[in-house]
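Data first, discussion second: the structure below is written as structure tokens.
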Amino acid sequence: MTLNLPVGAMTDAATISPLALFLQADVVVKLVMIGLLLASIWTWAMIIGFSFTLRKASRQSRVFEADFWKADDIDRFYEARGKADFPAAKVMASGVTEWRRSTAQRVVDREGTRDRLSTAMSSTIAGEVDRLSDRLNILATIGSVAPFVGLFGTVWGIMRAFTSIAAEQNSSLAVVAPGIAEALFATAIGLFAAIPAVIAYNRFSHGINRLESGLSRFADGFYATLSRELEAQR
Amino acid sequence: MERAEKIGLGVATAGHVLLFGLLSAGFLATPNPLKLNSPPMEVNLVDEVALKSMAPRISTQPPPPSVAPERGPTEDAAPAPEPAPQPEPTPAPPEPVPVPEPARKPVPDKPKEKPAPARKEAAKKPAKAKPAPEKPAAKAKPAPEKPKASAAKSSQSTAKAKPAAPAKASGAGKADKPKGSLLGKDFLKGIDTSADAPRKAAPPPAAAMGPAQKSALDAEIRRQLKPHWRPPSGADADQLVTLLEVRLDKNGALVGTPQVIDQLGVTASNRPQAKLHAERAIQAVKLAAPFRNLPPEYYDQWKWLRPLRFDARLNR
């Protein structure tokens with residue numbers, strides 16, 4: 001009785017391409033892979049877009065602040081640059097607007113004006129931070145969920161691989177390996193999407209915190225200036 | 001969607017497509033994949049094992065060095081026949097070149113001794129030698145004559161060696177069967193005969209039964225017994241096993257009567273059938289004899305069939 005054992009692997013593992021792995025996979029694993037790939041694309045789109053936005057906002061705010069403190073006349077500075085569309089300018093705009101409204105009346109309520117100025121500017125800061133960090137939670141979600149989704153795809157693919165092994169009654173490495181490789185590919189994509197997402201989330205959270213504290217400092221300084229001005233009025 | 005996000009989406013998509021393409025093109029493939037060289041392997045499942053190894057024994061001793069002289073004086077006279085046939089191609093007298101060698105060697109002393117062990121005269125010799133050649137000559141050609149002559153001469157020159165053995169051939173007058181060997185008497189000189197002893201102790205196994213032959217033989221005997229084997233029926237009768245001892249002659253016929261060696265599986269419930277079982281077994285052997293198609297070369301293996309097993313499986 002002579003058995004001729006199969007020679008070599010059915011597919012050359014070294015040359016397995018992602019496309020081949022994807023096409024071999026089960027429907028469920030395919031869906032997982034597509035989802036994870038979209039998540040990865042989205043993650044990188046957000047990373048690129050958000051880093052542009054955040055860096056621009058920070059830089060503009062810093063420059064605006066520096067210029068503000070050097071300015072002689074607040075009103076003139078506001079007319080010249082206060083209408084711009086970035087956080088520091090908006091904070092200043094809200095403060096100036098509130099100031100003008102409050103001091104427009106004949107009798108100025110100093111305490112009430114101070115409260116309103118403070119509230120207006122802090123709410124503007126909060127609004128700006130919210131607007132900036134609007135999509136940041138998506139990164140957090142992708143970063144924490146993608147590995148699990150990938151793992152699900154892997155577990156599913158390995159289950160299927162073992163089922164087919166059982167059906168073929170052949171446990172040679174050549175039969176087992178492609179199924180497991182394709183299943184592990186799902187986890188690979190999951191990690192591929194999750195790792196940048198987690199890193200970017202942490203980095204952007206830090207950047208937004210810094211921007212927020214910078215805006216708060218600027219608002220406090222502006223508030224102090226306005227408060228002094230209020231004192232000097234009358 | 002802001003402009004920055006659009007740019008980000010475009011760049012990310014392009015980057016993924018690029019990465020995917022690179023991976024598909026084998027960009028990150030293992031540079032030197034380990035080639036598993038697994039040639040097809042033939043697997044033989046051996047389910048038959050003989051009791052006796054048939055593999056030739058391998059001697060651990062190196063072959064003794066060859067120290068014997070290439071050629072020596074022949075033991076046998078036999079001057080005539082051997083040389084004669086050889087010359088055939090060149091029947092003519094000019095034997096010198098082709099023939100001489102064999103002719104001369106064998107010639108030396110034997111012929112002399114045989115015919116006349118006692119005599120040493122040269123004259124006698126030639127005469128004696130003559131008759132012997134005659135035969136070959138008659139058969140073949142005149143050529144032999146020459147060798148003869150030379151043989152005679154050389155024989156004369158050589159002394160007397162052994163009168164005993166050669167006597168037969170020469171006495172008959174025909175020296176056509178020269179047992180002349182090219183080995184000298186001292187060809188064993190350099191060989192350590194004591195070391196030789198153990199080698200002789202382990203001769204290659206002869207025609208021992210291999211597993212295939214043994215199973216084939218068993219199957220053949222069973223096949224011939226089967227039509228005649230009708231075990232008794234009854235409670236637990238299929239548990240009975242009768243072991244017989246059967247002797248066969250070379251033609252497969254019975255020698256004597258089969259003897260019951262033993263009965264196995266006898267219980268209280270089938271005891272009544274036990275005797276019948278044994279009788280039926282003996283009867284089956286008698287009916288089946290003579291056994292045909294048993295390989296005569298393995299007669300040793302089937303001349304004495306013991307135990308020959310009769311049980312419920314035999315007729316299945």
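We label chains A, B, ... in the order they appear in the structure tokens, count residues from 1 in each chain, and number ligands from 1 in the order shown.
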
Using only C-alpha atoms, tabulate the residues of chain B lying at most 8 Å from any atom of chain A, each with its closest atom pair and that distance in Å to one decimal, by chain and increasing residue number, as a tab-separated table.
residue	atom	partner	partner_atom	distance
B:Ala4	CA	A:Gly49	CA	4.6
B:Glu5	CA	A:Gly49	CA	4.1
B:Lys6	CA	A:Gly49	CA	7.2
B:Ile7	CA	A:Gly49	CA	6.6
B:Gly8	CA	A:Ala45	CA	4.1
B:Leu9	CA	A:Ala45	CA	4.0
B:Gly10	CA	A:Ala45	CA	7.2
B:Val11	CA	A:Ala45	CA	6.9
B:Ala12	CA	A:Ala45	CA	5.1
B:Thr13	CA	A:Ile41	CA	5.8
B:His16	CA	A:Ile41	CA	6.8
B:Phe20	CA	A:Pro18	CA	7.0
B:Leu23	CA	A:Ser17	CA	6.1
B:Ser24	CA	A:Ser17	CA	4.4
B:Ala25	CA	A:Ser17	CA	7.1
B:Gly26	CA	A:Thr15	CA	6.0
B:Ala29	CA	A:Ala14	CA	5.6
B:Thr30	CA	A:Ala14	CA	5.6
B:Pro33	CA	A:Ala14	CA	6.0
B:Leu36	CA	A:Gly8	CA	7.0
B:Asn37	CA	A:Gly8	CA	7.6
B:Ser38	CA	A:Val7	CA	6.3
B:Pro39	CA	A:Val7	CA	6.5
B:Pro40	CA	A:Leu5	CA	6.0
B:Met41	CA	A:Asn4	CA	6.5
B:Glu42	CA	A:Thr2	CA	6.0
B:Val43	CA	A:Thr2	CA	5.4
B:Asn44	CA	A:Thr2	CA	5.5
B:Leu45	CA	A:Met1	CA	6.0

*asked:* Give me, as a PyMOL selection string, all polymer residues having an atom no more than 12 Å from Arg203 (chain A), counting only C-alpha atoms and skipping those fewer than 4 positions away in the same chain.
replied: chain A and resi 47+50-51+54-55+133+136+139-140+196-199+207-210

_So that I can check the surroundings of Val108 (chain A), please list as a PyMOL selection string every protein, DNA and RNA residue that reaches within 10 Å of it, counting only C-alpha atoms and ignoring chain neighbours fewer than 4 positions away._
chain A and resi 102-104+112-113+230+233-234

*Quick one, how far is CA of Ala66 (chain A) from CA of Ala88 (chain A)?*
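We find that CA of Ala66 (chain A) and CA of Ala88 (chain A) lie 10.8 Å from each other.
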
*Find the spatial neighbours of Ala126 (chain A), counting only C-alpha atoms, within a cut-off of 9 Å - ignore same-chain residues fewer than 5 positions away - and output them as a list of chain:residue names.*
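Surrounding residues, per the criterion: A:Met121, A:Arg131, A:Glu212.
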
Given the selection you just returned, output its residues as a file containing all heavy atoms, formatted as a short mmCIF file (atom, residue, chain, number, x, y, z; two decimals), in the first residue's frame.
data_model
loop_
_atom_site.label_atom_id
_atom_site.label_comp_id
_atom_site.auth_asym_id
_atom_site.auth_seq_id
_atom_site.Cartn_x
_atom_site.Cartn_y
_atom_site.Cartn_z
N MET A 121 -17.54 84.70 27.12
CA MET A 121 -16.26 84.22 26.57
C MET A 121 -16.03 82.74 26.88
O MET A 121 -15.57 81.99 26.02
CB MET A 121 -15.12 85.07 27.13
CG MET A 121 -15.07 86.44 26.45
SD MET A 121 -13.55 87.29 26.73
CE MET A 121 -13.71 87.72 28.45
N ARG A 131 -16.62 72.23 18.89
CA ARG A 131 -16.66 72.13 17.43
C ARG A 131 -15.42 71.39 16.91
O ARG A 131 -15.49 70.54 16.03
CB ARG A 131 -16.73 73.54 16.84
CG ARG A 131 -17.07 73.58 15.36
CD ARG A 131 -17.15 75.01 14.89
NE ARG A 131 -15.92 75.75 15.09
CZ ARG A 131 -14.86 75.65 14.28
NH1 ARG A 131 -14.89 74.86 13.26
NH2 ARG A 131 -13.78 76.36 14.52
N GLU A 212 -7.43 74.69 24.45
CA GLU A 212 -8.46 75.19 25.37
C GLU A 212 -7.85 76.02 26.49
O GLU A 212 -8.34 77.12 26.83
CB GLU A 212 -9.25 74.01 25.95
CG GLU A 212 -10.46 74.46 26.75
CD GLU A 212 -11.20 73.27 27.35
OE1 GLU A 212 -10.75 72.13 27.11
OE2 GLU A 212 -12.22 73.49 28.02
#

_Need to verify the contact set: Thr257 (chain B), 9 Å, only C-alpha atoms, exclusion of same-chain residues closer than 2 positions in sequence. Can you return it as an MDAnalysis selection string?_
chainID B and resid 245:247 254:255 259 282 286

Residues of the last selection are to be written out with all heavy atoms, as a PDB file, in the first residue's frame.
ATOM      1  N   GLU B 245      -3.264 -31.393  14.462  1.00  0.00           N
ATOM      2  CA  GLU B 245      -1.897 -31.561  13.982  1.00  0.00           C
ATOM      3  C   GLU B 245      -1.982 -32.451  12.754  1.00  0.00           C
ATOM      4  O   GLU B 245      -2.522 -33.550  12.819  1.00  0.00           O
ATOM      5  CB  GLU B 245      -1.064 -32.219  15.084  1.00  0.00           C
ATOM      6  CG  GLU B 245       0.340 -32.518  14.687  1.00  0.00           C
ATOM      7  CD  GLU B 245       1.035 -33.354  15.739  1.00  0.00           C
ATOM      8  OE1 GLU B 245       0.331 -33.977  16.558  1.00  0.00           O
ATOM      9  OE2 GLU B 245       2.260 -33.382  15.730  1.00  0.00           O
ATOM     10  N   VAL B 246      -1.484 -31.955  11.627  1.00  0.00           N
ATOM     11  CA  VAL B 246      -1.647 -32.670  10.370  1.00  0.00           C
ATOM     12  C   VAL B 246      -0.292 -32.825   9.726  1.00  0.00           C
ATOM     13  O   VAL B 246       0.491 -31.875   9.671  1.00  0.00           O
ATOM     14  CB  VAL B 246      -2.588 -31.901   9.426  1.00  0.00           C
ATOM     15  CG1 VAL B 246      -2.707 -32.629   8.089  1.00  0.00           C
ATOM     16  CG2 VAL B 246      -3.947 -31.720  10.061  1.00  0.00           C
ATOM     17  N   ARG B 247      -0.032 -34.009   9.234  1.00  0.00           N
ATOM     18  CA  ARG B 247       1.226 -34.216   8.515  1.00  0.00           C
ATOM     19  C   ARG B 247       0.914 -34.471   7.046  1.00  0.00           C
ATOM     20  O   ARG B 247      -0.016 -35.196   6.714  1.00  0.00           O
ATOM     21  CB  ARG B 247       1.978 -35.431   9.083  1.00  0.00           C
ATOM     22  CG  ARG B 247       2.523 -35.182  10.458  1.00  0.00           C
ATOM     23  CD  ARG B 247       3.110 -36.453  11.024  1.00  0.00           C
ATOM     24  NE  ARG B 247       3.504 -36.247  12.409  1.00  0.00           N
ATOM     25  CZ  ARG B 247       4.686 -35.740  12.748  1.00  0.00           C
ATOM     26  NH1 ARG B 247       5.555 -35.412  11.800  1.00  0.00           N
ATOM     27  NH2 ARG B 247       4.972 -35.578  14.015  1.00  0.00           N
ATOM     28  N   LEU B 254      -2.297 -36.724   2.943  1.00  0.00           N
ATOM     29  CA  LEU B 254      -2.192 -36.905   4.384  1.00  0.00           C
ATOM     30  C   LEU B 254      -1.221 -38.021   4.720  1.00  0.00           C
ATOM     31  O   LEU B 254      -1.147 -39.038   4.027  1.00  0.00           O
ATOM     32  CB  LEU B 254      -3.560 -37.274   4.959  1.00  0.00           C
ATOM     33  CG  LEU B 254      -4.501 -36.142   5.319  1.00  0.00           C
ATOM     34  CD1 LEU B 254      -5.781 -36.732   5.899  1.00  0.00           C
ATOM     35  CD2 LEU B 254      -3.823 -35.236   6.324  1.00  0.00           C
ATOM     36  N   VAL B 255      -0.497 -37.808   5.796  1.00  0.00           N
ATOM     37  CA  VAL B 255       0.320 -38.879   6.359  1.00  0.00           C
ATOM     38  C   VAL B 255      -0.268 -39.173   7.727  1.00  0.00           C
ATOM     39  O   VAL B 255      -0.250 -38.313   8.608  1.00  0.00           O
ATOM     40  CB  VAL B 255       1.789 -38.436   6.488  1.00  0.00           C
ATOM     41  CG1 VAL B 255       2.569 -39.539   7.186  1.00  0.00           C
ATOM     42  CG2 VAL B 255       2.375 -38.126   5.136  1.00  0.00           C
ATOM     43  N   GLN B 259      -4.398 -35.388  14.258  1.00  0.00           N
ATOM     44  CA  GLN B 259      -4.568 -35.542  15.697  1.00  0.00           C
ATOM     45  C   GLN B 259      -5.087 -34.254  16.300  1.00  0.00           C
ATOM     46  O   GLN B 259      -4.683 -33.164  15.892  1.00  0.00           O
ATOM     47  CB  GLN B 259      -3.222 -35.883  16.351  1.00  0.00           C
ATOM     48  CG  GLN B 259      -2.604 -37.169  15.836  1.00  0.00           C
ATOM     49  CD  GLN B 259      -3.411 -38.393  16.199  1.00  0.00           C
ATOM     50  OE1 GLN B 259      -3.927 -38.498  17.315  1.00  0.00           O
ATOM     51  NE2 GLN B 259      -3.551 -39.327  15.250  1.00  0.00           N
ATOM     52  N   ILE B 282     -11.490 -33.100  11.758  1.00  0.00           N
ATOM     53  CA  ILE B 282     -10.658 -34.158  11.171  1.00  0.00           C
ATOM     54  C   ILE B 282     -11.230 -34.581   9.829  1.00  0.00           C
ATOM     55  O   ILE B 282     -10.511 -34.794   8.848  1.00  0.00           O
ATOM     56  CB  ILE B 282     -10.579 -35.357  12.154  1.00  0.00           C
ATOM     57  CG1 ILE B 282      -9.788 -34.926  13.384  1.00  0.00           C
ATOM     58  CG2 ILE B 282      -9.968 -36.557  11.487  1.00  0.00           C
ATOM     59  CD1 ILE B 282      -9.869 -35.907  14.522  1.00  0.00           C
ATOM     60  N   LYS B 286      -9.551 -34.613   6.049  1.00  0.00           N
ATOM     61  CA  LYS B 286      -9.503 -35.818   5.222  1.00  0.00           C
ATOM     62  C   LYS B 286     -10.151 -35.569   3.868  1.00  0.00           C
ATOM     63  O   LYS B 286      -9.674 -36.051   2.838  1.00  0.00           O
ATOM     64  CB  LYS B 286     -10.214 -36.971   5.935  1.00  0.00           C
ATOM     65  CG  LYS B 286      -9.376 -37.544   7.053  1.00  0.00           C
ATOM     66  CD  LYS B 286     -10.134 -38.650   7.743  1.00  0.00           C
ATOM     67  CE  LYS B 286      -9.237 -39.390   8.725  1.00  0.00           C
ATOM     68  NZ  LYS B 286      -9.991 -40.312   9.565  1.00  0.00           N
TER      69      LYS B 286
END

*Near region 181-183 of chain A, counting only C-alpha atoms, which residues have an atom at most 8 Å away, once you skip same-chain residues fewer than 6 positions from it, shown as a VMD selection string?*
chain A and resid 21 to 22 24 to 25 29 153 to 158

How would the residues just picked look written out with all heavy atoms as a tab-separated table (two decimals), in the first residue's frame?
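again.tsv, freshly written:
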chain	number	residue	atom	x	y	z
A	21	LEU	N	-5.95	36.94	-0.19
A	21	LEU	CA	-6.48	36.58	1.13
A	21	LEU	C	-7.93	37.04	1.27
A	21	LEU	O	-8.77	36.31	1.78
A	21	LEU	CB	-5.64	37.25	2.22
A	21	LEU	CG	-4.30	36.61	2.51
A	21	LEU	CD1	-3.56	37.42	3.55
A	21	LEU	CD2	-4.49	35.19	3.00
A	22	PHE	N	-8.18	38.24	0.77
A	22	PHE	CA	-9.53	38.77	0.89
A	22	PHE	C	-10.51	37.94	0.07
A	22	PHE	O	-11.60	37.59	0.54
A	22	PHE	CB	-9.54	40.22	0.40
A	22	PHE	CG	-10.90	40.83	0.33
A	22	PHE	CD1	-11.55	41.22	1.49
A	22	PHE	CD2	-11.54	40.99	-0.87
A	22	PHE	CE1	-12.81	41.76	1.43
A	22	PHE	CE2	-12.80	41.54	-0.94
A	22	PHE	CZ	-13.44	41.92	0.22
A	24	GLN	N	-10.32	34.85	-0.82
A	24	GLN	CA	-10.53	33.49	-0.32
A	24	GLN	C	-11.47	33.45	0.88
A	24	GLN	O	-12.02	32.41	1.21
A	24	GLN	CB	-9.20	32.87	0.12
A	24	GLN	CG	-8.30	32.48	-1.03
A	24	GLN	CD	-6.93	32.09	-0.53
A	24	GLN	OE1	-6.73	31.88	0.66
A	24	GLN	NE2	-5.98	31.97	-1.44
A	25	ALA	N	-11.61	34.61	1.53
A	25	ALA	CA	-12.24	34.59	2.85
A	25	ALA	C	-13.74	34.36	2.76
A	25	ALA	O	-14.37	34.52	1.71
A	25	ALA	CB	-11.95	35.90	3.57
A	29	VAL	N	-16.13	37.19	7.15
A	29	VAL	CA	-14.78	37.74	7.28
A	29	VAL	C	-14.57	38.86	6.26
A	29	VAL	O	-13.92	39.86	6.55
A	29	VAL	CB	-13.74	36.61	7.10
A	29	VAL	CG1	-12.35	37.15	7.28
A	29	VAL	CG2	-14.02	35.51	8.08
A	153	GLY	N	-13.45	38.55	13.27
A	153	GLY	CA	-13.22	37.99	11.94
A	153	GLY	C	-12.26	36.82	11.97
A	153	GLY	O	-12.45	35.80	11.31
A	154	THR	N	-11.22	36.93	12.79
A	154	THR	CA	-10.24	35.86	12.88
A	154	THR	C	-10.84	34.59	13.46
A	154	THR	O	-10.65	33.49	12.96
A	154	THR	CB	-9.06	36.31	13.74
A	154	THR	OG1	-8.39	37.35	13.07
A	154	THR	CG2	-8.10	35.17	13.97
A	155	VAL	N	-11.58	34.78	14.53
A	155	VAL	CA	-12.19	33.61	15.16
A	155	VAL	C	-13.14	32.93	14.19
A	155	VAL	O	-13.14	31.70	14.03
A	155	VAL	CB	-12.92	34.03	16.45
A	155	VAL	CG1	-13.76	32.89	16.96
A	155	VAL	CG2	-11.93	34.45	17.49
A	156	TRP	N	-13.89	33.75	13.50
A	156	TRP	CA	-14.83	33.18	12.53
A	156	TRP	C	-14.08	32.44	11.44
A	156	TRP	O	-14.43	31.31	11.06
A	156	TRP	CB	-15.68	34.31	11.94
A	156	TRP	CG	-16.78	33.81	11.09
A	156	TRP	CD1	-16.70	33.49	9.75
A	156	TRP	CD2	-18.11	33.53	11.49
A	156	TRP	NE1	-17.90	33.04	9.30
A	156	TRP	CE2	-18.80	33.05	10.35
A	156	TRP	CE3	-18.80	33.65	12.69
A	156	TRP	CZ2	-20.13	32.70	10.39
A	156	TRP	CZ3	-20.13	33.29	12.72
A	156	TRP	CH2	-20.78	32.82	11.58
A	157	GLY	N	-13.03	33.06	10.93
A	157	GLY	CA	-12.27	32.43	9.85
A	157	GLY	C	-11.61	31.15	10.30
A	157	GLY	O	-11.56	30.16	9.57
A	158	ILE	N	-11.10	31.13	11.52
A	158	ILE	CA	-10.44	29.91	12.00
A	158	ILE	C	-11.46	28.81	12.24
A	158	ILE	O	-11.22	27.63	11.93
A	158	ILE	CB	-9.62	30.21	13.27
A	158	ILE	CG1	-8.40	31.02	12.89
A	158	ILE	CG2	-9.19	28.94	13.96
A	158	ILE	CD1	-7.48	31.33	14.03

Mind dumping a table of every region 222-266 of chain B residue within 9 Å of region 290-293 of chain B, with the nearest atom pair and its distance in Å to one decimal, using only C-alpha atoms, sorted by chain and rising number, as JSON lines?
{"residue": "B:Gln224", "atom": "CA", "partner": "B:Phe291", "partner_atom": "CA", "distance": 7.1}
{"residue": "B:Leu225", "atom": "CA", "partner": "B:Phe291", "partner_atom": "CA", "distance": 8.9}
{"residue": "B:Leu248", "atom": "CA", "partner": "B:Pro290", "partner_atom": "CA", "distance": 8.3}
{"residue": "B:Asn251", "atom": "CA", "partner": "B:Pro290", "partner_atom": "CA", "distance": 7.2}
{"residue": "B:Gly252", "atom": "CA", "partner": "B:Phe291", "partner_atom": "CA", "distance": 4.5}
{"residue": "B:Ala253", "atom": "CA", "partner": "B:Pro290", "partner_atom": "CA", "distance": 4.0}
{"residue": "B:Leu254", "atom": "CA", "partner": "B:Pro290", "partner_atom": "CA", "distance": 6.4}

*To one decimal place, how far is CA of Ser213 (chain A) from CA of Asp109 (chain A) in Å?*
29.0 Å

_Among region 69-103 of chain A, which ones does DSSP assign to alpha helix (DSSP H) (computed from the backbone)? Answer as a ChimeraX atom specification._
/A:69-70,74-81,87-103

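Between CA of Gly265 (chain B) and CA of Gln301 (chain B) there is a distance of 27.3 Å.
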